[in-house]
Amino acid sequence: MKTRFALAALFIIATTLCAFSQVTQEERAKKSDQILIKMRKLDLMNQMLPLLLTKDQMRKILPAVEKGRQAVREQEKLEFDYLRKLEPKVDEALKEAEDKGKVPTRELLKEAITTFTMFGLKRRAVADDNADLVLKAFNSTLDAGQRKVAMNLLDPSASQPGIDVKSMKDDDKVRFYVKFVILDPLAYDILLQMSK
């Protein structure tokens, strides 16, 4: 009886180990992404909960955040349109490189660099505009104590080495918080859920 039980337990363990070892690389990557998203949400909540935002305050901030999200979606669409125009040239150059060993032209490489430089500039402009928009809603909604908490939750020098935090104005610190916490792509859903 004990032997049968031990064999059954070994069979279950072996089956479980086989199942885990048969997980594909794509499944592991997908699961890893899910875990990383959960960790980021937890980090965002760690940065938002100390503000003690009321549901009403969250509802007042959410429309500005949604406008910012819409601006990001419009920028992503613009980038997609540019990339689609560039794709045939890239496909042709890639085929020639694979089939004939031909190096891509300088013109194509320059066009690609110019396109990605433009993307970077436009993304920064959208991020700055969004930060200004949400900062306005944030400042008109939070009280002085909540603003003080927001100013001190993040260390800007940790993500932007060389920045002189001591010379930053209070509004700059709150703006930094808004940009890196409230405007994080995952923050909207967290705020929306917490506001209900």
# chains A, B, ... in the order shown; residues from 1 in each chain; ligands from 1
call {"tool": "select_by_dssp", "arguments": {"residues": "stretch 97-194 of chain A", "states": "helix (DSSP H, G or I)", "output": "PDB file with N, CA, C and O atoms, in the first residue's frame"}}
result
ATOM      1  N   ALA A  97      20.079  42.657 -49.108  1.00  0.00           N
ATOM      2  CA  ALA A  97      21.144  42.308 -48.163  1.00  0.00           C
ATOM      3  C   ALA A  97      21.222  40.797 -47.986  1.00  0.00           C
ATOM      4  O   ALA A  97      22.316  40.216 -47.968  1.00  0.00           O
ATOM      5  N   GLU A  98      20.059  40.133 -47.876  1.00  0.00           N
ATOM      6  CA  GLU A  98      20.024  38.682 -47.679  1.00  0.00           C
ATOM      7  C   GLU A  98      20.412  37.928 -48.952  1.00  0.00           C
ATOM      8  O   GLU A  98      21.172  36.961 -48.899  1.00  0.00           O
ATOM      9  N   ASP A  99      19.876  38.369 -50.106  1.00  0.00           N
ATOM     10  CA  ASP A  99      20.092  37.641 -51.356  1.00  0.00           C
ATOM     11  C   ASP A  99      21.427  37.957 -52.023  1.00  0.00           C
ATOM     12  O   ASP A  99      22.060  37.079 -52.614  1.00  0.00           O
ATOM     13  N   LYS A 100      21.845  39.218 -51.954  1.00  0.00           N
ATOM     14  CA  LYS A 100      23.037  39.645 -52.696  1.00  0.00           C
ATOM     15  C   LYS A 100      24.178  40.137 -51.819  1.00  0.00           C
ATOM     16  O   LYS A 100      25.225  40.525 -52.326  1.00  0.00           O
ATOM     17  N   ARG A 106      23.128  54.601 -47.885  1.00  0.00           N
ATOM     18  CA  ARG A 106      23.233  55.666 -46.885  1.00  0.00           C
ATOM     19  C   ARG A 106      21.937  56.464 -46.810  1.00  0.00           C
ATOM     20  O   ARG A 106      21.544  56.910 -45.741  1.00  0.00           O
ATOM     21  N   GLU A 107      21.302  56.622 -47.968  1.00  0.00           N
ATOM     22  CA  GLU A 107      20.054  57.392 -48.003  1.00  0.00           C
ATOM     23  C   GLU A 107      18.983  56.722 -47.128  1.00  0.00           C
ATOM     24  O   GLU A 107      18.274  57.394 -46.383  1.00  0.00           O
ATOM     25  N   LEU A 108      18.866  55.410 -47.236  1.00  0.00           N
ATOM     26  CA  LEU A 108      17.870  54.693 -46.447  1.00  0.00           C
ATOM     27  C   LEU A 108      18.206  54.776 -44.958  1.00  0.00           C
ATOM     28  O   LEU A 108      17.328  55.039 -44.131  1.00  0.00           O
ATOM     29  N   LEU A 109      19.478  54.567 -44.621  1.00  0.00           N
ATOM     30  CA  LEU A 109      19.886  54.648 -43.228  1.00  0.00           C
ATOM     31  C   LEU A 109      19.660  56.058 -42.678  1.00  0.00           C
ATOM     32  O   LEU A 109      19.178  56.226 -41.547  1.00  0.00           O
ATOM     33  N   LYS A 110      19.956  57.066 -43.490  1.00  0.00           N
ATOM     34  CA  LYS A 110      19.747  58.452 -43.067  1.00  0.00           C
ATOM     35  C   LYS A 110      18.249  58.721 -42.871  1.00  0.00           C
ATOM     36  O   LYS A 110      17.852  59.369 -41.900  1.00  0.00           O
ATOM     37  N   GLU A 111      17.422  58.210 -43.791  1.00  0.00           N
ATOM     38  CA  GLU A 111      15.975  58.387 -43.656  1.00  0.00           C
ATOM     39  C   GLU A 111      15.459  57.718 -42.386  1.00  0.00           C
ATOM     40  O   GLU A 111      14.611  58.279 -41.667  1.00  0.00           O
ATOM     41  N   ALA A 112      15.980  56.541 -42.076  1.00  0.00           N
ATOM     42  CA  ALA A 112      15.567  55.832 -40.863  1.00  0.00           C
ATOM     43  C   ALA A 112      15.982  56.616 -39.614  1.00  0.00           C
ATOM     44  O   ALA A 112      15.183  56.803 -38.692  1.00  0.00           O
ATOM     45  N   ILE A 113      17.220  57.104 -39.595  1.00  0.00           N
ATOM     46  CA  ILE A 113      17.707  57.881 -38.451  1.00  0.00           C
ATOM     47  C   ILE A 113      16.888  59.156 -38.284  1.00  0.00           C
ATOM     48  O   ILE A 113      16.484  59.513 -37.173  1.00  0.00           O
ATOM     49  N   THR A 114      16.609  59.837 -39.389  1.00  0.00           N
ATOM     50  CA  THR A 114      15.808  61.062 -39.341  1.00  0.00           C
ATOM     51  C   THR A 114      14.408  60.769 -38.807  1.00  0.00           C
ATOM     52  O   THR A 114      13.871  61.519 -37.983  1.00  0.00           O
ATOM     53  N   THR A 115      13.834  59.664 -39.262  1.00  0.00           N
ATOM     54  CA  THR A 115      12.492  59.281 -38.811  1.00  0.00           C
ATOM     55  C   THR A 115      12.487  59.018 -37.310  1.00  0.00           C
ATOM     56  O   THR A 115      11.622  59.531 -36.588  1.00  0.00           O
ATOM     57  N   PHE A 116      13.451  58.253 -36.806  1.00  0.00           N
ATOM     58  CA  PHE A 116      13.468  57.937 -35.382  1.00  0.00           C
ATOM     59  C   PHE A 116      13.828  59.148 -34.527  1.00  0.00           C
ATOM     60  O   PHE A 116      13.343  59.287 -33.397  1.00  0.00           O
ATOM     61  N   THR A 117      14.644  60.048 -35.067  1.00  0.00           N
ATOM     62  CA  THR A 117      14.938  61.292 -34.357  1.00  0.00           C
ATOM     63  C   THR A 117      13.670  62.128 -34.226  1.00  0.00           C
ATOM     64  O   THR A 117      13.369  62.674 -33.163  1.00  0.00           O
ATOM     65  N   MET A 118      12.908  62.208 -35.335  1.00  0.00           N
ATOM     66  CA  MET A 118      11.644  62.940 -35.312  1.00  0.00           C
ATOM     67  C   MET A 118      10.690  62.311 -34.298  1.00  0.00           C
ATOM     68  O   MET A 118      10.041  63.019 -33.527  1.00  0.00           O
ATOM     69  N   PHE A 119      10.616  60.980 -34.282  1.00  0.00           N
ATOM     70  CA  PHE A 119       9.752  60.291 -33.323  1.00  0.00           C
ATOM     71  C   PHE A 119      10.130  60.701 -31.895  1.00  0.00           C
ATOM     72  O   PHE A 119       9.276  60.999 -31.064  1.00  0.00           O
ATOM     73  N   GLY A 120      11.418  60.685 -31.604  1.00  0.00           N
ATOM     74  CA  GLY A 120      11.888  61.034 -30.261  1.00  0.00           C
ATOM     75  C   GLY A 120      11.511  62.450 -29.868  1.00  0.00           C
ATOM     76  O   GLY A 120      11.047  62.697 -28.747  1.00  0.00           O
ATOM     77  N   LEU A 121      11.701  63.387 -30.797  1.00  0.00           N
ATOM     78  CA  LEU A 121      11.356  64.783 -30.515  1.00  0.00           C
ATOM     79  C   LEU A 121       9.859  64.955 -30.287  1.00  0.00           C
ATOM     80  O   LEU A 121       9.431  65.637 -29.359  1.00  0.00           O
ATOM     81  N   LYS A 122       9.067  64.321 -31.143  1.00  0.00           N
ATOM     82  CA  LYS A 122       7.607  64.437 -31.007  1.00  0.00           C
ATOM     83  C   LYS A 122       7.120  63.754 -29.728  1.00  0.00           C
ATOM     84  O   LYS A 122       6.224  64.257 -29.061  1.00  0.00           O
ATOM     85  N   ARG A 123       7.708  62.626 -29.382  1.00  0.00           N
ATOM     86  CA  ARG A 123       7.310  61.947 -28.144  1.00  0.00           C
ATOM     87  C   ARG A 123       7.612  62.814 -26.929  1.00  0.00           C
ATOM     88  O   ARG A 123       6.816  62.894 -25.992  1.00  0.00           O
ATOM     89  N   ARG A 124       8.791  63.449 -26.935  1.00  0.00           N
ATOM     90  CA  ARG A 124       9.139  64.333 -25.819  1.00  0.00           C
ATOM     91  C   ARG A 124       8.174  65.513 -25.738  1.00  0.00           C
ATOM     92  O   ARG A 124       7.757  65.918 -24.647  1.00  0.00           O
ATOM     93  N   ALA A 125       7.811  66.068 -26.910  1.00  0.00           N
ATOM     94  CA  ALA A 125       6.874  67.192 -26.927  1.00  0.00           C
ATOM     95  C   ALA A 125       5.507  66.762 -26.393  1.00  0.00           C
ATOM     96  O   ALA A 125       4.887  67.485 -25.599  1.00  0.00           O
ATOM     97  N   VAL A 126       5.038  65.595 -26.813  1.00  0.00           N
ATOM     98  CA  VAL A 126       3.754  65.082 -26.326  1.00  0.00           C
ATOM     99  C   VAL A 126       3.831  64.838 -24.818  1.00  0.00           C
ATOM    100  O   VAL A 126       2.914  65.208 -24.075  1.00  0.00           O
ATOM    101  N   ALA A 127       4.928  64.252 -24.359  1.00  0.00           N
ATOM    102  CA  ALA A 127       5.086  63.979 -22.924  1.00  0.00           C
ATOM    103  C   ALA A 127       5.097  65.274 -22.126  1.00  0.00           C
ATOM    104  O   ALA A 127       4.472  65.359 -21.057  1.00  0.00           O
ATOM    105  N   ASP A 128       5.781  66.296 -22.640  1.00  0.00           N
ATOM    106  CA  ASP A 128       5.824  67.586 -21.944  1.00  0.00           C
ATOM    107  C   ASP A 128       4.445  68.246 -21.924  1.00  0.00           C
ATOM    108  O   ASP A 128       4.020  68.777 -20.895  1.00  0.00           O
ATOM    109  N   ASP A 129       3.752  68.225 -23.063  1.00  0.00           N
ATOM    110  CA  ASP A 129       2.396  68.799 -23.117  1.00  0.00           C
ATOM    111  C   ASP A 129       1.458  68.066 -22.161  1.00  0.00           C
ATOM    112  O   ASP A 129       0.656  68.693 -21.461  1.00  0.00           O
ATOM    113  N   ASN A 130       1.567  66.748 -22.148  1.00  0.00           N
ATOM    114  CA  ASN A 130       0.717  65.956 -21.253  1.00  0.00           C
ATOM    115  C   ASN A 130       1.020  66.268 -19.787  1.00  0.00           C
ATOM    116  O   ASN A 130       0.112  66.377 -18.966  1.00  0.00           O
ATOM    117  N   ALA A 131       2.298  66.406 -19.465  1.00  0.00           N
ATOM    118  CA  ALA A 131       2.679  66.724 -18.084  1.00  0.00           C
ATOM    119  C   ALA A 131       2.114  68.083 -17.679  1.00  0.00           C
ATOM    120  O   ALA A 131       1.590  68.233 -16.564  1.00  0.00           O
ATOM    121  N   ASP A 132       2.176  69.064 -18.585  1.00  0.00           N
ATOM    122  CA  ASP A 132       1.621  70.384 -18.276  1.00  0.00           C
ATOM    123  C   ASP A 132       0.109  70.305 -18.070  1.00  0.00           C
ATOM    124  O   ASP A 132      -0.433  70.907 -17.133  1.00  0.00           O
ATOM    125  N   LEU A 133      -0.567  69.574 -18.935  1.00  0.00           N
ATOM    126  CA  LEU A 133      -2.023  69.435 -18.856  1.00  0.00           C
ATOM    127  C   LEU A 133      -2.450  68.777 -17.543  1.00  0.00           C
ATOM    128  O   LEU A 133      -3.335  69.279 -16.836  1.00  0.00           O
ATOM    129  N   VAL A 134      -1.817  67.669 -17.213  1.00  0.00           N
ATOM    130  CA  VAL A 134      -2.182  66.934 -16.001  1.00  0.00           C
ATOM    131  C   VAL A 134      -1.723  67.688 -14.756  1.00  0.00           C
ATOM    132  O   VAL A 134      -2.422  67.682 -13.734  1.00  0.00           O
ATOM    133  N   LEU A 135      -0.592  68.371 -14.833  1.00  0.00           N
ATOM    134  CA  LEU A 135      -0.114  69.149 -13.692  1.00  0.00           C
ATOM    135  C   LEU A 135      -1.138  70.217 -13.309  1.00  0.00           C
ATOM    136  O   LEU A 135      -1.393  70.449 -12.124  1.00  0.00           O
ATOM    137  N   LYS A 136      -1.732  70.836 -14.319  1.00  0.00           N
ATOM    138  CA  LYS A 136      -2.751  71.860 -14.054  1.00  0.00           C
ATOM    139  C   LYS A 136      -3.926  71.249 -13.274  1.00  0.00           C
ATOM    140  O   LYS A 136      -4.376  71.801 -12.267  1.00  0.00           O
ATOM    141  N   ALA A 137      -4.419  70.099 -13.731  1.00  0.00           N
ATOM    142  CA  ALA A 137      -5.521  69.424 -13.033  1.00  0.00           C
ATOM    143  C   ALA A 137      -5.073  68.955 -11.656  1.00  0.00           C
ATOM    144  O   ALA A 137      -5.827  69.044 -10.678  1.00  0.00           O
ATOM    145  N   PHE A 138      -3.866  68.474 -11.567  1.00  0.00           N
ATOM    146  CA  PHE A 138      -3.307  67.961 -10.312  1.00  0.00           C
ATOM    147  C   PHE A 138      -3.227  69.080  -9.276  1.00  0.00           C
ATOM    148  O   PHE A 138      -3.684  68.930  -8.145  1.00  0.00           O
ATOM    149  N   ASN A 139      -2.659  70.227  -9.693  1.00  0.00           N
ATOM    150  CA  ASN A 139      -2.486  71.354  -8.775  1.00  0.00           C
ATOM    151  C   ASN A 139      -3.820  71.938  -8.312  1.00  0.00           C
ATOM    152  O   ASN A 139      -3.938  72.379  -7.177  1.00  0.00           O
ATOM    153  N   SER A 140      -4.797  71.937  -9.194  1.00  0.00           N
ATOM    154  CA  SER A 140      -6.094  72.512  -8.806  1.00  0.00           C
ATOM    155  C   SER A 140      -6.926  71.542  -7.976  1.00  0.00           C
ATOM    156  O   SER A 140      -7.922  71.947  -7.381  1.00  0.00           O
ATOM    157  N   THR A 141      -6.517  70.294  -7.906  1.00  0.00           N
ATOM    158  CA  THR A 141      -7.299  69.272  -7.208  1.00  0.00           C
ATOM    159  C   THR A 141      -6.698  68.900  -5.853  1.00  0.00           C
ATOM    160  O   THR A 141      -7.424  68.682  -4.889  1.00  0.00           O
ATOM    161  N   ALA A 144      -2.311  71.289  -0.269  1.00  0.00           N
ATOM    162  CA  ALA A 144      -0.875  71.549  -0.084  1.00  0.00           C
ATOM    163  C   ALA A 144      -0.139  70.337   0.485  1.00  0.00           C
ATOM    164  O   ALA A 144       0.995  70.043   0.081  1.00  0.00           O
ATOM    165  N   GLY A 145      -0.777  69.617   1.414  1.00  0.00           N
ATOM    166  CA  GLY A 145      -0.141  68.436   1.999  1.00  0.00           C
ATOM    167  C   GLY A 145       0.074  67.328   0.977  1.00  0.00           C
ATOM    168  O   GLY A 145       1.132  66.685   0.956  1.00  0.00           O
ATOM    169  N   GLN A 146      -0.916  67.114   0.126  1.00  0.00           N
ATOM    170  CA  GLN A 146      -0.792  66.085  -0.912  1.00  0.00           C
ATOM    171  C   GLN A 146       0.293  66.467  -1.924  1.00  0.00           C
ATOM    172  O   GLN A 146       1.059  65.606  -2.369  1.00  0.00           O
ATOM    173  N   ARG A 147       0.347  67.733  -2.263  1.00  0.00           N
ATOM    174  CA  ARG A 147       1.408  68.189  -3.183  1.00  0.00           C
ATOM    175  C   ARG A 147       2.788  67.965  -2.564  1.00  0.00           C
ATOM    176  O   ARG A 147       3.720  67.556  -3.241  1.00  0.00           O
ATOM    177  N   LYS A 148       2.897  68.242  -1.280  1.00  0.00           N
ATOM    178  CA  LYS A 148       4.173  68.049  -0.577  1.00  0.00           C
ATOM    179  C   LYS A 148       4.589  66.578  -0.619  1.00  0.00           C
ATOM    180  O   LYS A 148       5.752  66.252  -0.849  1.00  0.00           O
ATOM    181  N   VAL A 149       3.621  65.697  -0.403  1.00  0.00           N
ATOM    182  CA  VAL A 149       3.906  64.261  -0.468  1.00  0.00           C
ATOM    183  C   VAL A 149       4.381  63.895  -1.877  1.00  0.00           C
ATOM    184  O   VAL A 149       5.382  63.186  -2.043  1.00  0.00           O
ATOM    185  N   ALA A 150       3.674  64.383  -2.903  1.00  0.00           N
ATOM    186  CA  ALA A 150       4.052  64.080  -4.294  1.00  0.00           C
ATOM    187  C   ALA A 150       5.462  64.561  -4.609  1.00  0.00           C
ATOM    188  O   ALA A 150       6.220  63.882  -5.307  1.00  0.00           O
ATOM    189  N   MET A 151       5.816  65.724  -4.068  1.00  0.00           N
ATOM    190  CA  MET A 151       7.160  66.289  -4.307  1.00  0.00           C
ATOM    191  C   MET A 151       8.262  65.390  -3.770  1.00  0.00           C
ATOM    192  O   MET A 151       9.361  65.361  -4.305  1.00  0.00           O
ATOM    193  N   ASN A 152       7.964  64.687  -2.688  1.00  0.00           N
ATOM    194  CA  ASN A 152       9.006  63.938  -1.993  1.00  0.00           C
ATOM    195  C   ASN A 152       8.968  62.433  -2.221  1.00  0.00           C
ATOM    196  O   ASN A 152       9.777  61.713  -1.654  1.00  0.00           O
ATOM    197  N   LEU A 153       8.028  61.944  -3.037  1.00  0.00           N
ATOM    198  CA  LEU A 153       7.927  60.497  -3.255  1.00  0.00           C
ATOM    199  C   LEU A 153       9.009  59.944  -4.181  1.00  0.00           C
ATOM    200  O   LEU A 153       9.431  58.812  -4.034  1.00  0.00           O
ATOM    201  N   PRO A 156      14.265  62.434  -8.438  1.00  0.00           N
ATOM    202  CA  PRO A 156      14.543  62.638  -9.865  1.00  0.00           C
ATOM    203  C   PRO A 156      15.962  62.254 -10.282  1.00  0.00           C
ATOM    204  O   PRO A 156      16.175  61.803 -11.399  1.00  0.00           O
ATOM    205  N   SER A 157      16.924  62.390  -9.368  1.00  0.00           N
ATOM    206  CA  SER A 157      18.312  62.069  -9.729  1.00  0.00           C
ATOM    207  C   SER A 157      18.519  60.573  -9.935  1.00  0.00           C
ATOM    208  O   SER A 157      19.477  60.164 -10.582  1.00  0.00           O
ATOM    209  N   ALA A 158      17.609  59.748  -9.419  1.00  0.00           N
ATOM    210  CA  ALA A 158      17.727  58.300  -9.609  1.00  0.00           C
ATOM    211  C   ALA A 158      17.465  57.913 -11.061  1.00  0.00           C
ATOM    212  O   ALA A 158      18.072  56.971 -11.575  1.00  0.00           O
ATOM    213  N   SER A 159      16.554  58.607 -11.721  1.00  0.00           N
ATOM    214  CA  SER A 159      16.249  58.274 -13.120  1.00  0.00           C
ATOM    215  C   SER A 159      16.904  59.234 -14.102  1.00  0.00           C
ATOM    216  O   SER A 159      16.988  58.944 -15.289  1.00  0.00           O
ATOM    217  N   VAL A 165      18.602  68.165  -7.823  1.00  0.00           N
ATOM    218  CA  VAL A 165      17.295  68.120  -7.167  1.00  0.00           C
ATOM    219  C   VAL A 165      17.129  69.310  -6.219  1.00  0.00           C
ATOM    220  O   VAL A 165      16.039  69.871  -6.101  1.00  0.00           O
ATOM    221  N   LYS A 166      18.213  69.729  -5.581  1.00  0.00           N
ATOM    222  CA  LYS A 166      18.132  70.835  -4.621  1.00  0.00           C
ATOM    223  C   LYS A 166      17.719  72.145  -5.281  1.00  0.00           C
ATOM    224  O   LYS A 166      17.099  72.993  -4.651  1.00  0.00           O
ATOM    225  N   SER A 167      18.074  72.300  -6.556  1.00  0.00           N
ATOM    226  CA  SER A 167      17.723  73.548  -7.243  1.00  0.00           C
ATOM    227  C   SER A 167      16.356  73.478  -7.940  1.00  0.00           C
ATOM    228  O   SER A 167      15.899  74.476  -8.491  1.00  0.00           O
ATOM    229  N   ASP A 170       9.424  73.554  -6.456  1.00  0.00           N
ATOM    230  CA  ASP A 170       8.383  72.623  -6.022  1.00  0.00           C
ATOM    231  C   ASP A 170       7.519  72.173  -7.200  1.00  0.00           C
ATOM    232  O   ASP A 170       7.193  70.988  -7.314  1.00  0.00           O
ATOM    233  N   ASP A 171       7.139  73.108  -8.069  1.00  0.00           N
ATOM    234  CA  ASP A 171       6.325  72.749  -9.238  1.00  0.00           C
ATOM    235  C   ASP A 171       7.053  71.754 -10.145  1.00  0.00           C
ATOM    236  O   ASP A 171       6.424  70.875 -10.732  1.00  0.00           O
ATOM    237  N   ASP A 172       8.371  71.902 -10.264  1.00  0.00           N
ATOM    238  CA  ASP A 172       9.143  70.968 -11.092  1.00  0.00           C
ATOM    239  C   ASP A 172       9.130  69.560 -10.492  1.00  0.00           C
ATOM    240  O   ASP A 172       9.065  68.571 -11.211  1.00  0.00           O
ATOM    241  N   LYS A 173       9.179  69.486  -9.170  1.00  0.00           N
ATOM    242  CA  LYS A 173       9.139  68.177  -8.501  1.00  0.00           C
ATOM    243  C   LYS A 173       7.767  67.521  -8.672  1.00  0.00           C
ATOM    244  O   LYS A 173       7.681  66.318  -8.920  1.00  0.00           O
ATOM    245  N   VAL A 174       6.708  68.320  -8.545  1.00  0.00           N
ATOM    246  CA  VAL A 174       5.368  67.770  -8.735  1.00  0.00           C
ATOM    247  C   VAL A 174       5.194  67.359 -10.188  1.00  0.00           C
ATOM    248  O   VAL A 174       4.619  66.311 -10.481  1.00  0.00           O
ATOM    249  N   ARG A 175       5.701  68.168 -11.111  1.00  0.00           N
ATOM    250  CA  ARG A 175       5.621  67.850 -12.547  1.00  0.00           C
ATOM    251  C   ARG A 175       6.345  66.540 -12.837  1.00  0.00           C
ATOM    252  O   ARG A 175       5.880  65.706 -13.603  1.00  0.00           O
ATOM    253  N   PHE A 176       7.497  66.348 -12.209  1.00  0.00           N
ATOM    254  CA  PHE A 176       8.254  65.108 -12.371  1.00  0.00           C
ATOM    255  C   PHE A 176       7.410  63.928 -11.904  1.00  0.00           C
ATOM    256  O   PHE A 176       7.326  62.895 -12.576  1.00  0.00           O
ATOM    257  N   TYR A 177       6.765  64.077 -10.758  1.00  0.00           N
ATOM    258  CA  TYR A 177       5.888  63.031 -10.228  1.00  0.00           C
ATOM    259  C   TYR A 177       4.753  62.735 -11.203  1.00  0.00           C
ATOM    260  O   TYR A 177       4.470  61.579 -11.512  1.00  0.00           O
ATOM    261  N   VAL A 178       4.118  63.772 -11.700  1.00  0.00           N
ATOM    262  CA  VAL A 178       3.005  63.611 -12.649  1.00  0.00           C
ATOM    263  C   VAL A 178       3.477  62.863 -13.889  1.00  0.00           C
ATOM    264  O   VAL A 178       2.822  61.934 -14.361  1.00  0.00           O
ATOM    265  N   LYS A 179       4.624  63.264 -14.395  1.00  0.00           N
ATOM    266  CA  LYS A 179       5.145  62.689 -15.645  1.00  0.00           C
ATOM    267  C   LYS A 179       5.481  61.202 -15.489  1.00  0.00           C
ATOM    268  O   LYS A 179       5.203  60.407 -16.386  1.00  0.00           O
ATOM    269  N   PHE A 180       6.061  60.838 -14.361  1.00  0.00           N
ATOM    270  CA  PHE A 180       6.554  59.472 -14.213  1.00  0.00           C
ATOM    271  C   PHE A 180       5.649  58.545 -13.408  1.00  0.00           C
ATOM    272  O   PHE A 180       5.879  57.337 -13.393  1.00  0.00           O
ATOM    273  N   VAL A 181       4.627  59.089 -12.776  1.00  0.00           N
ATOM    274  CA  VAL A 181       3.697  58.229 -12.044  1.00  0.00           C
ATOM    275  C   VAL A 181       2.298  58.338 -12.646  1.00  0.00           C
ATOM    276  O   VAL A 181       1.774  57.369 -13.182  1.00  0.00           O
ATOM    277  N   ILE A 182       1.711  59.518 -12.576  1.00  0.00           N
ATOM    278  CA  ILE A 182       0.327  59.680 -13.007  1.00  0.00           C
ATOM    279  C   ILE A 182       0.171  59.433 -14.504  1.00  0.00           C
ATOM    280  O   ILE A 182      -0.848  58.905 -14.952  1.00  0.00           O
ATOM    281  N   ALA A 187      -1.085  53.723 -15.026  1.00  0.00           N
ATOM    282  CA  ALA A 187      -1.674  54.486 -13.923  1.00  0.00           C
ATOM    283  C   ALA A 187      -3.140  54.815 -14.152  1.00  0.00           C
ATOM    284  O   ALA A 187      -3.920  54.864 -13.197  1.00  0.00           O
ATOM    285  N   TYR A 188      -3.539  55.050 -15.394  1.00  0.00           N
ATOM    286  CA  TYR A 188      -4.927  55.429 -15.671  1.00  0.00           C
ATOM    287  C   TYR A 188      -5.898  54.362 -15.162  1.00  0.00           C
ATOM    288  O   TYR A 188      -6.863  54.679 -14.471  1.00  0.00           O
ATOM    289  N   ASP A 189      -5.630  53.115 -15.509  1.00  0.00           N
ATOM    290  CA  ASP A 189      -6.523  52.026 -15.074  1.00  0.00           C
ATOM    291  C   ASP A 189      -6.539  51.884 -13.557  1.00  0.00           C
ATOM    292  O   ASP A 189      -7.573  51.576 -12.964  1.00  0.00           O
ATOM    293  N   ILE A 190      -5.393  52.118 -12.925  1.00  0.00           N
ATOM    294  CA  ILE A 190      -5.338  52.050 -11.466  1.00  0.00           C
ATOM    295  C   ILE A 190      -6.197  53.163 -10.867  1.00  0.00           C
ATOM    296  O   ILE A 190      -7.010  52.931  -9.967  1.00  0.00           O
ATOM    297  N   LEU A 191      -6.035  54.389 -11.371  1.00  0.00           N
ATOM    298  CA  LEU A 191      -6.824  55.512 -10.869  1.00  0.00           C
ATOM    299  C   LEU A 191      -8.316  55.293 -11.123  1.00  0.00           C
ATOM    300  O   LEU A 191      -9.147  55.589 -10.265  1.00  0.00           O
ATOM    301  N   LEU A 192      -8.634  54.786 -12.313  1.00  0.00           N
ATOM    302  CA  LEU A 192     -10.025  54.539 -12.656  1.00  0.00           C
ATOM    303  C   LEU A 192     -10.640  53.527 -11.692  1.00  0.00           C
ATOM    304  O   LEU A 192     -11.740  53.730 -11.170  1.00  0.00           O
ATOM    305  N   GLN A 193      -9.920  52.456 -11.430  1.00  0.00           N
ATOM    306  CA  GLN A 193     -10.413  51.429 -10.510  1.00  0.00           C
ATOM    307  C   GLN A 193     -10.562  51.974  -9.105  1.00  0.00           C
ATOM    308  O   GLN A 193     -11.558  51.722  -8.424  1.00  0.00           O
ATOM    309  N   MET A 194      -9.558  52.757  -8.645  1.00  0.00           N
ATOM    310  CA  MET A 194      -9.595  53.300  -7.291  1.00  0.00           C
ATOM    311  C   MET A 194     -10.684  54.361  -7.135  1.00  0.00           C
ATOM    312  O   MET A 194     -11.144  54.631  -6.027  1.00  0.00           O
TER     313      MET A 194
END
call {"tool": "residues_around", "arguments": {"residues": "A:Leu186", "least_positions_apart": "5", "cutoff": "10 Å", "atoms": "only C-alpha atoms", "output": "MDAnalysis selection string"}}
result
chainID A and resid 37:38 40:41 44 181 191
call {"tool": "atom_distance", "arguments": {"atom1": "atom CA of A:Ser195", "atom2": "atom CA of A:Met39"}}
result
20.9 Å
call {"tool": "closest_residue", "arguments": {"among": "A:Leu86, A:Leu154, A:Leu49, A:Val65", "to": "A:Leu183", "atoms": "only C-alpha atoms"}}
result
A:Val65
call {"tool": "decode", "arguments": {"residues": "stretch 171-180 of chain A", "atoms": "N, CA and C atoms", "output": "short mmCIF file (atom, residue, chain, number, x, y, z; two decimals), in the first residue's frame"}}
result
data_model
loop_
_atom_site.label_atom_id
_atom_site.label_comp_id
_atom_site.auth_asym_id
_atom_site.auth_seq_id
_atom_site.Cartn_x
_atom_site.Cartn_y
_atom_site.Cartn_z
N ASP A 171 7.14 73.11 -8.07
CA ASP A 171 6.33 72.75 -9.24
C ASP A 171 7.05 71.75 -10.14
N ASP A 172 8.37 71.90 -10.26
CA ASP A 172 9.14 70.97 -11.09
C ASP A 172 9.13 69.56 -10.49
N LYS A 173 9.18 69.49 -9.17
CA LYS A 173 9.14 68.18 -8.50
C LYS A 173 7.77 67.52 -8.67
N VAL A 174 6.71 68.32 -8.55
CA VAL A 174 5.37 67.77 -8.74
C VAL A 174 5.19 67.36 -10.19
N ARG A 175 5.70 68.17 -11.11
CA ARG A 175 5.62 67.85 -12.55
C ARG A 175 6.34 66.54 -12.84
N PHE A 176 7.50 66.35 -12.21
CA PHE A 176 8.25 65.11 -12.37
C PHE A 176 7.41 63.93 -11.90
N TYR A 177 6.76 64.08 -10.76
CA TYR A 177 5.89 63.03 -10.23
C TYR A 177 4.75 62.73 -11.20
N VAL A 178 4.12 63.77 -11.70
CA VAL A 178 3.00 63.61 -12.65
C VAL A 178 3.48 62.86 -13.89
N LYS A 179 4.62 63.26 -14.40
CA LYS A 179 5.15 62.69 -15.65
C LYS A 179 5.48 61.20 -15.49
N PHE A 180 6.06 60.84 -14.36
CA PHE A 180 6.55 59.47 -14.21
C PHE A 180 5.65 58.54 -13.41
#
